[in-house]
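Text of input.cif (mmCIF, C-alpha atoms; chains and numbers go by the auth columns) as supplied:
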data_start
#
loop_
_atom_site.group_PDB
_atom_site.id
_atom_site.type_symbol
_atom_site.label_atom_id
_atom_site.label_comp_id
_atom_site.label_asym_id
_atom_site.label_seq_id
_atom_site.Cartn_x
_atom_site.Cartn_y
_atom_site.Cartn_z
_atom_site.B_iso_or_equiv
_atom_site.auth_seq_id
_atom_site.auth_asym_id
ATOM 1 C CA MET A 1 111.924 123.468 88.483 0.00 1 A
ATOM 2 C CA SER A 2 114.361 121.294 90.412 0.00 2 A
ATOM 3 C CA THR A 3 113.823 118.194 92.485 0.00 3 A
ATOM 4 C CA LEU A 4 112.530 118.921 95.956 0.00 4 A
ATOM 5 C CA LEU A 5 114.496 118.294 99.090 0.00 5 A
ATOM 6 C CA PRO A 6 113.316 115.086 100.728 0.00 6 A
ATOM 7 C CA PHE A 7 110.637 115.414 103.354 0.00 7 A
ATOM 8 C CA SER A 8 110.205 113.015 106.231 0.00 8 A
ATOM 9 C CA GLU A 9 107.275 110.650 106.196 0.00 9 A
ATOM 10 C CA ASP A 10 105.848 112.502 109.213 0.00 10 A
ATOM 11 C CA GLN A 11 106.062 115.843 107.409 0.00 11 A
ATOM 12 C CA LEU A 12 104.201 114.470 104.399 0.00 12 A
ATOM 13 C CA VAL A 13 101.555 112.793 106.555 0.00 13 A
ATOM 14 C CA SER A 14 101.097 116.091 108.408 0.00 14 A
ATOM 15 C CA GLU A 15 100.621 117.880 105.075 0.00 15 A
ATOM 16 C CA LEU A 16 98.001 115.329 104.059 0.00 16 A
ATOM 17 C CA TRP A 17 96.158 115.684 107.368 0.00 17 A
ATOM 18 C CA ALA A 18 96.235 119.485 107.017 0.00 18 A
ATOM 19 C CA ARG A 19 94.408 118.978 103.705 0.00 19 A
ATOM 20 C CA ASP A 20 91.819 116.602 105.213 0.00 20 A
ATOM 21 C CA VAL A 21 93.381 113.444 103.783 0.00 21 A
ATOM 22 C CA GLN A 22 93.682 111.300 106.890 0.00 22 A
ATOM 23 C CA PHE A 23 94.837 108.221 105.054 0.00 23 A
ATOM 24 C CA LEU A 24 98.066 107.391 106.890 0.00 24 A
ATOM 25 C CA MET A 25 98.764 107.325 110.606 0.00 25 A
ATOM 26 C CA GLY A 26 101.194 109.906 111.852 0.00 26 A
ATOM 27 C CA ARG A 27 101.614 113.184 113.641 0.00 27 A
ATOM 28 C CA GLN A 28 100.192 116.453 112.483 0.00 28 A
ATOM 29 C CA PHE A 29 102.745 119.227 112.955 0.00 29 A
ATOM 30 C CA SER A 30 100.569 121.994 111.596 0.00 30 A
ATOM 31 C CA SER A 31 96.873 122.318 110.884 0.00 31 A
ATOM 32 C CA THR A 32 97.783 124.675 108.031 0.00 32 A
ATOM 33 C CA PRO A 33 99.382 123.271 104.877 0.00 33 A
ATOM 34 C CA LEU A 34 102.981 124.433 104.483 0.00 34 A
ATOM 35 C CA LEU A 35 103.670 123.127 100.971 0.00 35 A
ATOM 36 C CA SER A 36 102.017 124.269 97.774 0.00 36 A
ATOM 37 C CA PRO A 37 99.829 121.562 96.212 0.00 37 A
ATOM 38 C CA ALA A 38 102.357 121.000 93.381 0.00 38 A
ATOM 39 C CA ASN A 39 105.241 120.623 95.833 0.00 39 A
ATOM 40 C CA LEU A 40 103.239 118.235 98.001 0.00 40 A
ATOM 41 C CA ILE A 41 102.274 116.134 94.975 0.00 41 A
ATOM 42 C CA ALA A 42 105.903 115.970 93.815 0.00 42 A
ATOM 43 C CA ALA A 43 107.148 115.166 97.325 0.00 43 A
ATOM 44 C CA LEU A 44 104.622 112.341 97.687 0.00 44 A
ATOM 45 C CA ALA A 45 105.658 110.909 94.316 0.00 45 A
ATOM 46 C CA GLN A 46 109.322 111.006 95.355 0.00 46 A
ATOM 47 C CA SER A 47 108.845 109.396 98.773 0.00 47 A
ATOM 48 C CA ILE A 48 110.856 106.264 99.464 0.00 48 A
ATOM 49 C CA ASN A 49 107.848 104.862 101.354 0.00 49 A
ATOM 50 C CA ALA A 50 105.363 103.047 99.109 0.00 50 A
ATOM 51 C CA ARG A 51 102.435 103.807 101.441 0.00 51 A
ATOM 52 C CA VAL A 52 103.221 107.507 101.258 0.00 52 A
ATOM 53 C CA ARG A 53 103.416 107.322 97.461 0.00 53 A
ATOM 54 C CA PHE A 54 100.056 105.628 97.112 0.00 54 A
ATOM 55 C CA SER A 55 98.465 108.270 99.334 0.00 55 A
ATOM 56 C CA LEU A 56 98.404 110.253 96.089 0.00 56 A
ATOM 57 C CA ILE A 57 95.232 108.367 95.172 0.00 57 A
ATOM 58 C CA PRO A 58 93.141 109.517 98.160 0.00 58 A
ATOM 59 C CA PHE A 59 94.716 112.970 97.858 0.00 59 A
ATOM 60 C CA PHE A 60 93.413 113.331 94.292 0.00 60 A
ATOM 61 C CA LEU A 61 90.041 111.826 95.175 0.00 61 A
ATOM 62 C CA ARG A 62 89.674 114.307 98.036 0.00 62 A
ATOM 63 C CA HIS A 63 91.040 117.288 96.110 0.00 63 A
ATOM 64 C CA PRO A 64 90.226 117.073 92.397 0.00 64 A
ATOM 65 C CA GLU A 65 90.558 120.867 92.334 0.00 65 A
ATOM 66 C CA PHE A 66 94.341 120.364 92.514 0.00 66 A
ATOM 67 C CA ALA A 67 94.402 118.566 89.164 0.00 67 A
ATOM 68 C CA THR A 68 95.941 121.640 87.545 0.00 68 A
ATOM 69 C CA GLU A 69 98.895 121.274 89.921 0.00 69 A
ATOM 70 C CA VAL A 70 99.626 117.746 88.675 0.00 70 A
ATOM 71 C CA GLU A 71 101.267 118.870 85.451 0.00 71 A
ATOM 72 C CA ILE A 72 103.432 121.354 87.385 0.00 72 A
ATOM 73 C CA ALA A 73 104.499 118.585 89.770 0.00 73 A
ATOM 74 C CA ASP A 74 105.128 116.210 86.870 0.00 74 A
ATOM 75 C CA LYS A 75 107.476 118.708 85.189 0.00 75 A
ATOM 76 C CA SER A 76 109.392 119.162 88.454 0.00 76 A
ATOM 77 C CA LEU A 77 110.208 115.458 88.713 0.00 77 A
ATOM 78 C CA THR A 78 113.583 114.642 87.191 0.00 78 A
ATOM 79 C CA SER A 79 113.371 110.867 87.597 0.00 79 A
ATOM 80 C CA GLN A 80 111.306 108.842 85.144 0.00 80 A
ATOM 81 C CA SER A 81 110.387 106.388 87.913 0.00 81 A
ATOM 82 C CA ASN A 82 108.980 109.247 90.030 0.00 82 A
ATOM 83 C CA GLN A 83 107.054 110.511 87.008 0.00 83 A
ATOM 84 C CA TYR A 84 105.618 107.028 86.546 0.00 84 A
ATOM 85 C CA VAL A 85 104.530 106.988 90.194 0.00 85 A
ATOM 86 C CA LEU A 86 102.708 110.285 89.758 0.00 86 A
ATOM 87 C CA ARG A 87 101.237 109.474 86.357 0.00 87 A
ATOM 88 C CA PHE A 88 100.000 106.005 87.262 0.00 88 A
ATOM 89 C CA TYR A 89 98.522 106.983 90.633 0.00 89 A
ATOM 90 C CA TYR A 90 96.908 110.101 89.214 0.00 90 A
ATOM 91 C CA THR A 91 95.418 108.116 86.328 0.00 91 A
ATOM 92 C CA ALA A 92 94.222 105.462 88.780 0.00 92 A
ATOM 93 C CA ALA A 93 92.492 108.247 90.727 0.00 93 A
ATOM 94 C CA VAL A 94 90.835 109.444 87.502 0.00 94 A
ATOM 95 C CA PHE A 95 89.358 105.986 86.905 0.00 95 A
ATOM 96 C CA LEU A 96 88.555 105.388 90.596 0.00 96 A
ATOM 97 C CA GLN A 97 86.713 108.703 90.768 0.00 97 A
ATOM 98 C CA ARG A 98 84.491 107.492 87.936 0.00 98 A
ATOM 99 C CA LYS A 99 84.020 104.093 89.562 0.00 99 A
ATOM 100 C CA TYR A 100 83.124 105.473 92.995 0.00 100 A
ATOM 101 C CA GLN A 101 81.293 108.575 91.822 0.00 101 A
ATOM 102 C CA GLU A 102 78.136 107.872 93.866 0.00 102 A
ATOM 103 C CA ARG A 103 80.051 107.237 97.096 0.00 103 A
ATOM 104 C CA LEU A 104 82.181 110.326 96.575 0.00 104 A
ATOM 105 C CA ILE A 105 79.115 112.518 95.975 0.00 105 A
ATOM 106 C CA HIS A 106 77.520 111.128 99.132 0.00 106 A
ATOM 107 C CA ILE A 107 80.647 111.927 101.180 0.00 107 A
ATOM 108 C CA LEU A 108 81.900 115.173 99.633 0.00 108 A
ATOM 109 C CA GLY A 109 79.077 116.490 97.494 0.00 109 A
ATOM 110 C CA LYS A 110 79.513 117.337 93.830 0.00 110 A
ATOM 111 C CA GLN A 111 83.184 117.615 92.923 0.00 111 A
ATOM 112 C CA PRO A 112 84.967 118.467 89.658 0.00 112 A
ATOM 113 C CA GLN A 113 85.987 115.543 87.467 0.00 113 A
ATOM 114 C CA LEU A 114 89.688 114.771 87.351 0.00 114 A
ATOM 115 C CA PRO A 115 90.891 115.386 83.788 0.00 115 A
ATOM 116 C CA ASP A 116 92.804 112.546 82.160 0.00 116 A
ATOM 117 C CA PHE A 117 96.276 113.976 81.549 0.00 117 A
ATOM 118 C CA PHE A 118 98.388 110.847 81.302 0.00 118 A
ATOM 119 C CA SER A 119 96.586 107.758 79.985 0.00 119 A
ATOM 120 C CA SER A 120 97.755 108.295 76.401 0.00 120 A
ATOM 121 C CA LYS A 121 101.341 108.997 77.594 0.00 121 A
ATOM 122 C CA LEU A 122 101.203 105.726 79.527 0.00 122 A
ATOM 123 C CA GLY A 123 99.851 103.798 76.541 0.00 123 A
ATOM 124 C CA VAL A 124 96.438 103.210 78.102 0.00 124 A
ATOM 125 C CA ILE A 125 93.242 103.646 76.134 0.00 125 A
ATOM 126 C CA PRO A 126 90.615 105.120 78.464 0.00 126 A
ATOM 127 C CA GLU A 127 87.662 102.762 78.661 0.00 127 A
ATOM 128 C CA THR A 128 84.127 103.848 79.411 0.00 128 A
ATOM 129 C CA ASP A 129 84.031 101.101 82.055 0.00 129 A
ATOM 130 C CA PRO A 130 86.297 102.276 84.895 0.00 130 A
ATOM 131 C CA ASP A 131 86.945 98.688 86.033 0.00 131 A
ATOM 132 C CA GLN A 132 88.289 97.778 82.590 0.00 132 A
ATOM 133 C CA ALA A 133 90.341 100.973 82.502 0.00 133 A
ATOM 134 C CA LEU A 134 91.875 100.110 85.892 0.00 134 A
ATOM 135 C CA VAL A 135 92.753 96.590 84.752 0.00 135 A
ATOM 136 C CA GLN A 136 94.419 97.963 81.638 0.00 136 A
ATOM 137 C CA LEU A 137 96.268 100.595 83.698 0.00 137 A
ATOM 138 C CA ALA A 138 97.515 98.002 86.188 0.00 138 A
ATOM 139 C CA LYS A 139 98.878 95.788 83.412 0.00 139 A
ATOM 140 C CA ARG A 140 100.657 98.740 81.840 0.00 140 A
ATOM 141 C CA HIS A 141 102.022 99.738 85.256 0.00 141 A
ATOM 142 C CA GLN A 142 103.590 96.278 85.601 0.00 142 A
ATOM 143 C CA ILE A 143 105.237 96.564 82.199 0.00 143 A
ATOM 144 C CA LEU A 144 106.618 100.085 82.533 0.00 144 A
ATOM 145 C CA SER A 145 107.695 99.752 86.173 0.00 145 A
ATOM 146 C CA ARG A 146 109.061 96.235 85.688 0.00 146 A
ATOM 147 C CA GLN A 147 107.463 95.410 89.034 0.00 147 A
ATOM 148 C CA PHE A 148 104.981 92.586 88.819 0.00 148 A
ATOM 149 C CA ILE A 149 102.964 93.797 91.768 0.00 149 A
ATOM 150 C CA ASN A 150 99.201 93.635 92.044 0.00 150 A
ATOM 151 C CA TRP A 151 98.793 97.269 90.998 0.00 151 A
ATOM 152 C CA LEU A 152 95.045 96.898 90.594 0.00 152 A
ATOM 153 C CA GLY A 153 94.791 95.756 94.208 0.00 153 A
ATOM 154 C CA THR A 154 97.033 98.641 95.269 0.00 154 A
ATOM 155 C CA TYR A 155 94.842 101.222 93.549 0.00 155 A
ATOM 156 C CA GLU A 156 91.636 99.692 94.907 0.00 156 A
ATOM 157 C CA HIS A 157 93.064 99.344 98.428 0.00 157 A
ATOM 158 C CA ALA A 158 94.080 102.997 98.599 0.00 158 A
ATOM 159 C CA ALA A 159 90.632 104.147 97.474 0.00 159 A
ATOM 160 C CA ASP A 160 88.693 101.642 99.585 0.00 160 A
ATOM 161 C CA VAL A 161 90.517 102.349 102.863 0.00 161 A
ATOM 162 C CA TRP A 162 90.156 106.087 102.413 0.00 162 A
ATOM 163 C CA LEU A 163 86.498 105.915 101.330 0.00 163 A
ATOM 164 C CA LYS A 164 85.551 103.726 104.305 0.00 164 A
ATOM 165 C CA GLN A 165 87.253 106.119 106.688 0.00 165 A
ATOM 166 C CA MET A 166 85.501 109.126 105.117 0.00 166 A
ATOM 167 C CA GLU A 167 82.141 107.320 105.335 0.00 167 A
ATOM 168 C CA LEU A 168 82.731 106.600 109.024 0.00 168 A
ATOM 169 C CA GLN A 169 83.545 110.255 109.654 0.00 169 A
ATOM 170 C CA LYS A 170 80.382 111.345 107.874 0.00 170 A
ATOM 171 C CA ALA A 171 78.148 108.878 109.791 0.00 171 A
#
What is this file in structure tokens?
Amino acid sequence: MSTLLPFSEDQLVSELWARDVQFLMGRQFSSTPLLSPANLIAALAQSINARVRFSLIPFFLRHPEFATEVEIADKSLTSQSNQYVLRFYYTAAVFLQRKYQERLIHILGKQPQLPDFFSSKLGVIPETDPDQALVQLAKRHQILSRQFINWLGTYEHAADVWLKQMELQKA
């Protein structure tokens, strides 16, 4: 599978909104998704906008049923940096789903667990404590990306903003 043509930020936000992931502000062009889940996942991972890339976390938390599409998207990415984006954000969603399981059940009902596809490929040993797993993942993200960003804060922020918005909608 080849690299996707670039999509505008508005197109990707519209795709997210069409899938009930209202994480980023933008315009919704269509209420029906136009991209397959694998193509959307790959396009989000390839976005030049960091906010669009980290929308992968709420996407996976909202749609764990698309976990099977992650490996397809991963194989379509030709850039190692884009694969890292997908692998780290997906793995963060795996750990965040465990951490926020009660809140997610309250909002969405019982959902399938996200399978851990990438932690061993990233050199992360999955911990039983999701907080410890996230810390370990964030440290590894700094090393492999060579970006000494607060990745833990990034993961938590993406989940927290989305969860609060979903809780407000449910109230």
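Of the listed residues (A:Leu114, A:Leu96, A:Ile149, A:Leu104), A:Leu96 comes nearest to Pro130 in chain A; the distances count all atoms listed in the file.
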**OP:** Specify as number ranges by chain each residue included when the PyMOL selection byres ((chain A and resi 61) around 12) is applied to this file.
**Re:** A: 19-21, 23, 54-60, 62-67, 89-101, 103-105, 107-108, 110-115, 155, 158-160, 162-163, 166
Find the smallest box with edges along x, y and z containing every listed atom of range 80-84 of chain A, then add 5 Å on each side and report centre and edge lengths in Å to one decimal, as JSON.
{"center_x": 108.5, "center_y": 108.4, "center_z": 87.6, "size_x": 15.7, "size_y": 14.1, "size_z": 14.9}
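Using all atoms listed in the file, the nearest neighbour of Ala45 in chain A within the list A:Thr32, A:Thr78, A:Ser14, A:Gln83 is A:Gln83.
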**OP:** Can you work out the spacing between CA of Ala43 in chain A and CA of Val161 in chain A in Å, to one decimal?
**Re:** 21.7 Å
Original post:
Could you pull the residues within 7 Å of Val124 in chain A, counting only C-alpha atoms, minus those fewer than 4 positions along the same chain, as a ChimeraX atom specification?
Top reply: /A:119-120,136-137
**OP:** Rank nothing, just name the residue among A:Gln22, A:Ser36, A:Thr128, A:Asn49 nearest to Pro6 in chain A, using all atoms listed in the file.
**Re:** A:Asn49
**OP:** Enumerate, as number ranges by chain, the protein, DNA and RNA residues whose atoms approach (110.8, 116.9, 89.0) to within 10 Å, taking into account only C-alpha atoms and the coordinate frame of the file.
**Re:** A: 1-4, 39, 42-43, 45-46, 72-80, 82-83
Original post:
Restricting the calculation to all atoms listed in the file, which member of A:Lys170, A:Lys121, A:His157, A:Lys139 is positioned closest to Tyr84 in chain A?
Top reply: A:Lys121
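Relative to CA of Glu69 in chain A, CA of Gly153 in chain A is found at 26.2 Å.
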